[in-house]
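S.K.: Starting off with a structure, shown below.
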Amino acid sequence: MRWFYDPQHQVELAVRAGVSEADARAVMTDKQAYAAQVRADEAEAAQLGITGVPFFVVDGKYGLSGAQPAEAFTELLERAWADRGPQLTIPDTGGQAGCDAEGACAVQHSWREP
């Protein structure tokens, strides 16, 4: 397990996980580089009553704790969507493009909820 403590290997792992090399090296040299963001995340978790990981929050008011089957996530997302309601209505344009960048829309003969 000696590789685990090798700073270069840790940077390589971070880069493979999607962290920029510069950010990974910054954390390796300054252990407080992201301390404020981590403390803010911890405070938000405590405020929401989260006591373990993994924990997933949707729209800041729905939570799912632990490893769950895909159906649990589907139910959670559907409930959040139903309570939130659509924020976007899309004109039914019979398969044509909806609106262009200038706001001109194709024929808007009926509306449908997304």
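Each chain of the structure tokens is named A, B, ... in the order shown, its residues numbered from 1; ligands are numbered from 1 in display order.
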At a cut-off of 10 Å, using only C-alpha atoms, what residues contact Pro7 in chain A? Leave out same-chain residues fewer than 6 positions from it and give the result as an MDAnalysis selection string.
M.R.: chainID A and resid 13 24:25 28:29
S.K.: Quick one, how far is CA of Ala80 in chain A from CA of Gly60 in chain A?
M.R.: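 So the answer is 9.9 Å.
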S.K.: Range 39-54 of chain A: which residues within 10 Å, counting only C-alpha atoms, same-chain residues fewer than 5 positions away excluded, as a JSON list (two decimals) with N, CA and C atoms, in the first residue's frame?
M.R.:
```
[["chain", "number", "residue", "atom", "x", "y", "z"],
["A", 34, "TYR", "N", -9.17, 23.82, 0.20],
["A", 34, "TYR", "CA", -10.62, 23.73, 0.02],
["A", 34, "TYR", "C", -11.35, 23.56, 1.36],
["A", 60, "GLY", "N", -33.10, 20.39, -2.82],
["A", 60, "GLY", "CA", -32.91, 20.90, -1.47],
["A", 60, "GLY", "C", -33.95, 20.45, -0.47],
["A", 61, "LYS", "N", -34.88, 19.55, -0.88],
["A", 61, "LYS", "CA", -35.90, 19.12, 0.08],
["A", 61, "LYS", "C", -36.23, 17.64, 0.05],
["A", 62, "TYR", "N", -35.67, 16.89, -0.86],
["A", 62, "TYR", "CA", -35.88, 15.45, -0.92],
["A", 62, "TYR", "C", -34.55, 14.76, -0.71],
["A", 63, "GLY", "N", -34.53, 13.76, 0.15],
["A", 63, "GLY", "CA", -33.30, 13.06, 0.42],
["A", 63, "GLY", "C", -33.43, 11.57, 0.27],
["A", 64, "LEU", "N", -32.32, 10.95, -0.05],
["A", 64, "LEU", "CA", -32.26, 9.50, -0.18],
["A", 64, "LEU", "C", -30.94, 9.08, 0.45],
["A", 65, "SER", "N", -31.03, 8.21, 1.44],
["A", 65, "SER", "CA", -29.85, 7.81, 2.20],
["A", 65, "SER", "C", -29.39, 6.43, 1.79],
["A", 66, "GLY", "N", -28.09, 6.27, 1.70],
["A", 66, "GLY", "CA", -27.51, 4.96, 1.45],
["A", 66, "GLY", "C", -27.58, 4.52, 0.01],
["A", 67, "ALA", "N", -26.99, 3.37, -0.24],
["A", 67, "ALA", "CA", -27.03, 2.78, -1.58],
["A", 67, "ALA", "C", -28.45, 2.27, -1.81],
["A", 68, "GLN", "N", -29.07, 2.70, -2.88],
["A", 68, "GLN", "CA", -30.46, 2.38, -3.15],
["A", 68, "GLN", "C", -30.59, 1.82, -4.57]]
```
S.K.: Do a neighbour search on Leu77 in chain A at 12 Å with only C-alpha atoms, toss out local chain neighbours closer than 3 positions, and write the hits as a list in words.
M.R.: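 Once the adjacent positions are removed, what remains is Phe56, Val57, Val58, Asp59, Lys61, Tyr62, Gly63, Leu64, Ala70, Glu71, Ala72, Phe73, Thr74, Ala80, Trp81, Ala82, Asp83, Arg84 and Gly85 of chain A.
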S.K.: May I have the selected residues written with all heavy atoms, as a compact mmCIF listing (two decimals), in the first residue's frame?
M.R.:
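Ended up saving to result01.txt:
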```txt
# COMPACT_ATOMS: atom_id res chain seq x y z
N PHE A 56 -28.15 11.61 -0.98
CA PHE A 56 -28.47 12.38 -2.17
C PHE A 56 -29.59 13.35 -1.86
O PHE A 56 -30.59 12.98 -1.24
CB PHE A 56 -28.89 11.44 -3.31
CG PHE A 56 -27.86 10.38 -3.58
CD1 PHE A 56 -27.91 9.16 -2.92
CD2 PHE A 56 -26.83 10.61 -4.46
CE1 PHE A 56 -26.95 8.19 -3.15
CE2 PHE A 56 -25.86 9.65 -4.69
CZ PHE A 56 -25.92 8.43 -4.03
N VAL A 57 -29.43 14.60 -2.28
CA VAL A 57 -30.44 15.64 -2.06
C VAL A 57 -30.92 16.14 -3.41
O VAL A 57 -30.12 16.45 -4.29
CB VAL A 57 -29.86 16.81 -1.24
CG1 VAL A 57 -30.90 17.90 -1.05
CG2 VAL A 57 -29.36 16.31 0.11
N VAL A 58 -32.25 16.21 -3.57
CA VAL A 58 -32.85 16.70 -4.81
C VAL A 58 -33.68 17.92 -4.47
O VAL A 58 -34.53 17.88 -3.58
CB VAL A 58 -33.74 15.60 -5.46
CG1 VAL A 58 -34.43 16.14 -6.69
CG2 VAL A 58 -32.91 14.38 -5.80
N ASP A 59 -33.43 19.01 -5.17
CA ASP A 59 -34.15 20.27 -4.99
C ASP A 59 -34.08 20.80 -3.56
O ASP A 59 -34.94 21.56 -3.14
CB ASP A 59 -35.61 20.15 -5.42
CG ASP A 59 -35.79 20.28 -6.92
OD1 ASP A 59 -34.82 20.66 -7.61
OD2 ASP A 59 -36.89 19.99 -7.41
N LYS A 61 -34.88 19.55 -0.88
CA LYS A 61 -35.90 19.12 0.08
C LYS A 61 -36.23 17.64 0.05
O LYS A 61 -37.01 17.18 0.87
CB LYS A 61 -37.18 19.94 -0.11
CG LYS A 61 -37.85 19.81 -1.45
CD LYS A 61 -39.09 20.70 -1.50
CE LYS A 61 -39.77 20.63 -2.84
NZ LYS A 61 -40.98 21.43 -2.88
N TYR A 62 -35.67 16.89 -0.86
CA TYR A 62 -35.88 15.45 -0.92
C TYR A 62 -34.55 14.76 -0.71
O TYR A 62 -33.57 15.12 -1.34
CB TYR A 62 -36.48 15.03 -2.27
CG TYR A 62 -37.82 15.64 -2.53
CD1 TYR A 62 -37.93 16.79 -3.29
CD2 TYR A 62 -38.96 15.09 -2.00
CE1 TYR A 62 -39.16 17.37 -3.52
CE2 TYR A 62 -40.20 15.66 -2.22
CZ TYR A 62 -40.28 16.80 -2.98
OH TYR A 62 -41.50 17.38 -3.20
N GLY A 63 -34.53 13.76 0.15
CA GLY A 63 -33.30 13.06 0.42
C GLY A 63 -33.43 11.57 0.27
O GLY A 63 -34.51 11.00 0.45
N LEU A 64 -32.32 10.95 -0.05
CA LEU A 64 -32.26 9.50 -0.18
C LEU A 64 -30.94 9.08 0.45
O LEU A 64 -29.88 9.56 0.07
CB LEU A 64 -32.32 9.10 -1.65
CG LEU A 64 -32.53 7.63 -1.96
CD1 LEU A 64 -33.87 7.14 -1.38
CD2 LEU A 64 -32.52 7.42 -3.46
N ALA A 70 -32.15 1.51 -8.37
CA ALA A 70 -32.50 2.54 -9.36
C ALA A 70 -33.95 2.99 -9.20
O ALA A 70 -34.27 4.16 -9.39
CB ALA A 70 -32.26 2.02 -10.77
N GLU A 71 -34.84 2.07 -8.81
CA GLU A 71 -36.25 2.40 -8.65
C GLU A 71 -36.46 3.47 -7.57
O GLU A 71 -37.35 4.31 -7.68
CB GLU A 71 -37.08 1.15 -8.31
CG GLU A 71 -37.11 0.11 -9.40
CD GLU A 71 -35.85 -0.77 -9.45
OE1 GLU A 71 -35.10 -0.81 -8.47
OE2 GLU A 71 -35.63 -1.38 -10.51
N ALA A 72 -35.65 3.43 -6.52
CA ALA A 72 -35.77 4.43 -5.45
C ALA A 72 -35.41 5.82 -5.98
O ALA A 72 -36.07 6.81 -5.65
CB ALA A 72 -34.88 4.06 -4.27
N PHE A 73 -34.38 5.90 -6.82
CA PHE A 73 -34.00 7.18 -7.41
C PHE A 73 -35.08 7.66 -8.38
O PHE A 73 -35.42 8.85 -8.40
CB PHE A 73 -32.66 7.08 -8.13
CG PHE A 73 -31.50 6.99 -7.18
CD1 PHE A 73 -30.97 5.77 -6.83
CD2 PHE A 73 -30.95 8.14 -6.64
CE1 PHE A 73 -29.89 5.69 -5.95
CE2 PHE A 73 -29.88 8.07 -5.76
CZ PHE A 73 -29.36 6.83 -5.42
N THR A 74 -35.63 6.74 -9.15
CA THR A 74 -36.70 7.10 -10.09
C THR A 74 -37.89 7.67 -9.33
O THR A 74 -38.42 8.72 -9.70
CB THR A 74 -37.13 5.88 -10.92
OG1 THR A 74 -35.99 5.39 -11.64
CG2 THR A 74 -38.25 6.22 -11.87
N ALA A 80 -40.16 14.65 -6.86
CA ALA A 80 -39.64 16.02 -6.87
C ALA A 80 -40.16 16.77 -8.09
O ALA A 80 -40.54 17.94 -7.99
CB ALA A 80 -38.11 16.00 -6.87
N TRP A 81 -40.20 16.11 -9.24
CA TRP A 81 -40.69 16.77 -10.46
C TRP A 81 -42.17 17.10 -10.32
O TRP A 81 -42.61 18.20 -10.69
CB TRP A 81 -40.46 15.88 -11.67
CG TRP A 81 -40.99 16.49 -12.92
CD1 TRP A 81 -42.14 16.14 -13.57
CD2 TRP A 81 -40.46 17.60 -13.65
NE1 TRP A 81 -42.31 16.93 -14.67
CE2 TRP A 81 -41.31 17.84 -14.74
CE3 TRP A 81 -39.33 18.39 -13.48
CZ2 TRP A 81 -41.07 18.86 -15.65
CZ3 TRP A 81 -39.10 19.39 -14.39
CH2 TRP A 81 -39.96 19.62 -15.46
N ALA A 82 -42.96 16.18 -9.79
CA ALA A 82 -44.40 16.40 -9.65
C ALA A 82 -44.68 17.58 -8.71
O ALA A 82 -45.56 18.40 -8.97
CB ALA A 82 -45.09 15.14 -9.13
N ASP A 83 -43.92 17.67 -7.62
CA ASP A 83 -44.12 18.77 -6.67
C ASP A 83 -43.62 20.10 -7.22
O ASP A 83 -44.17 21.14 -6.91
CB ASP A 83 -43.41 18.48 -5.35
CG ASP A 83 -44.14 17.43 -4.53
OD1 ASP A 83 -45.26 17.04 -4.91
OD2 ASP A 83 -43.57 16.99 -3.52
N ARG A 84 -42.60 20.04 -8.02
CA ARG A 84 -42.02 21.26 -8.57
C ARG A 84 -42.85 21.80 -9.71
O ARG A 84 -42.97 23.01 -9.89
CB ARG A 84 -40.61 20.95 -9.06
CG ARG A 84 -39.83 22.14 -9.49
CD ARG A 84 -38.44 21.70 -9.87
NE ARG A 84 -37.55 22.83 -9.85
CZ ARG A 84 -36.39 22.83 -10.42
NH1 ARG A 84 -35.97 21.77 -11.05
NH2 ARG A 84 -35.63 23.90 -10.37
N GLY A 85 -43.41 20.92 -10.49
CA GLY A 85 -44.18 21.35 -11.66
C GLY A 85 -43.25 21.78 -12.77
O GLY A 85 -42.09 22.11 -12.54
```
S.K.: Would you please extract all helix (DSSP H, G or I) residues from range 1-50 of chain A, as assigned by DSSP on the backbone, and give them as a VMD selection string?
M.R.: chain A and resid 2 to 5 7 to 16 21 to 29 35 to 48
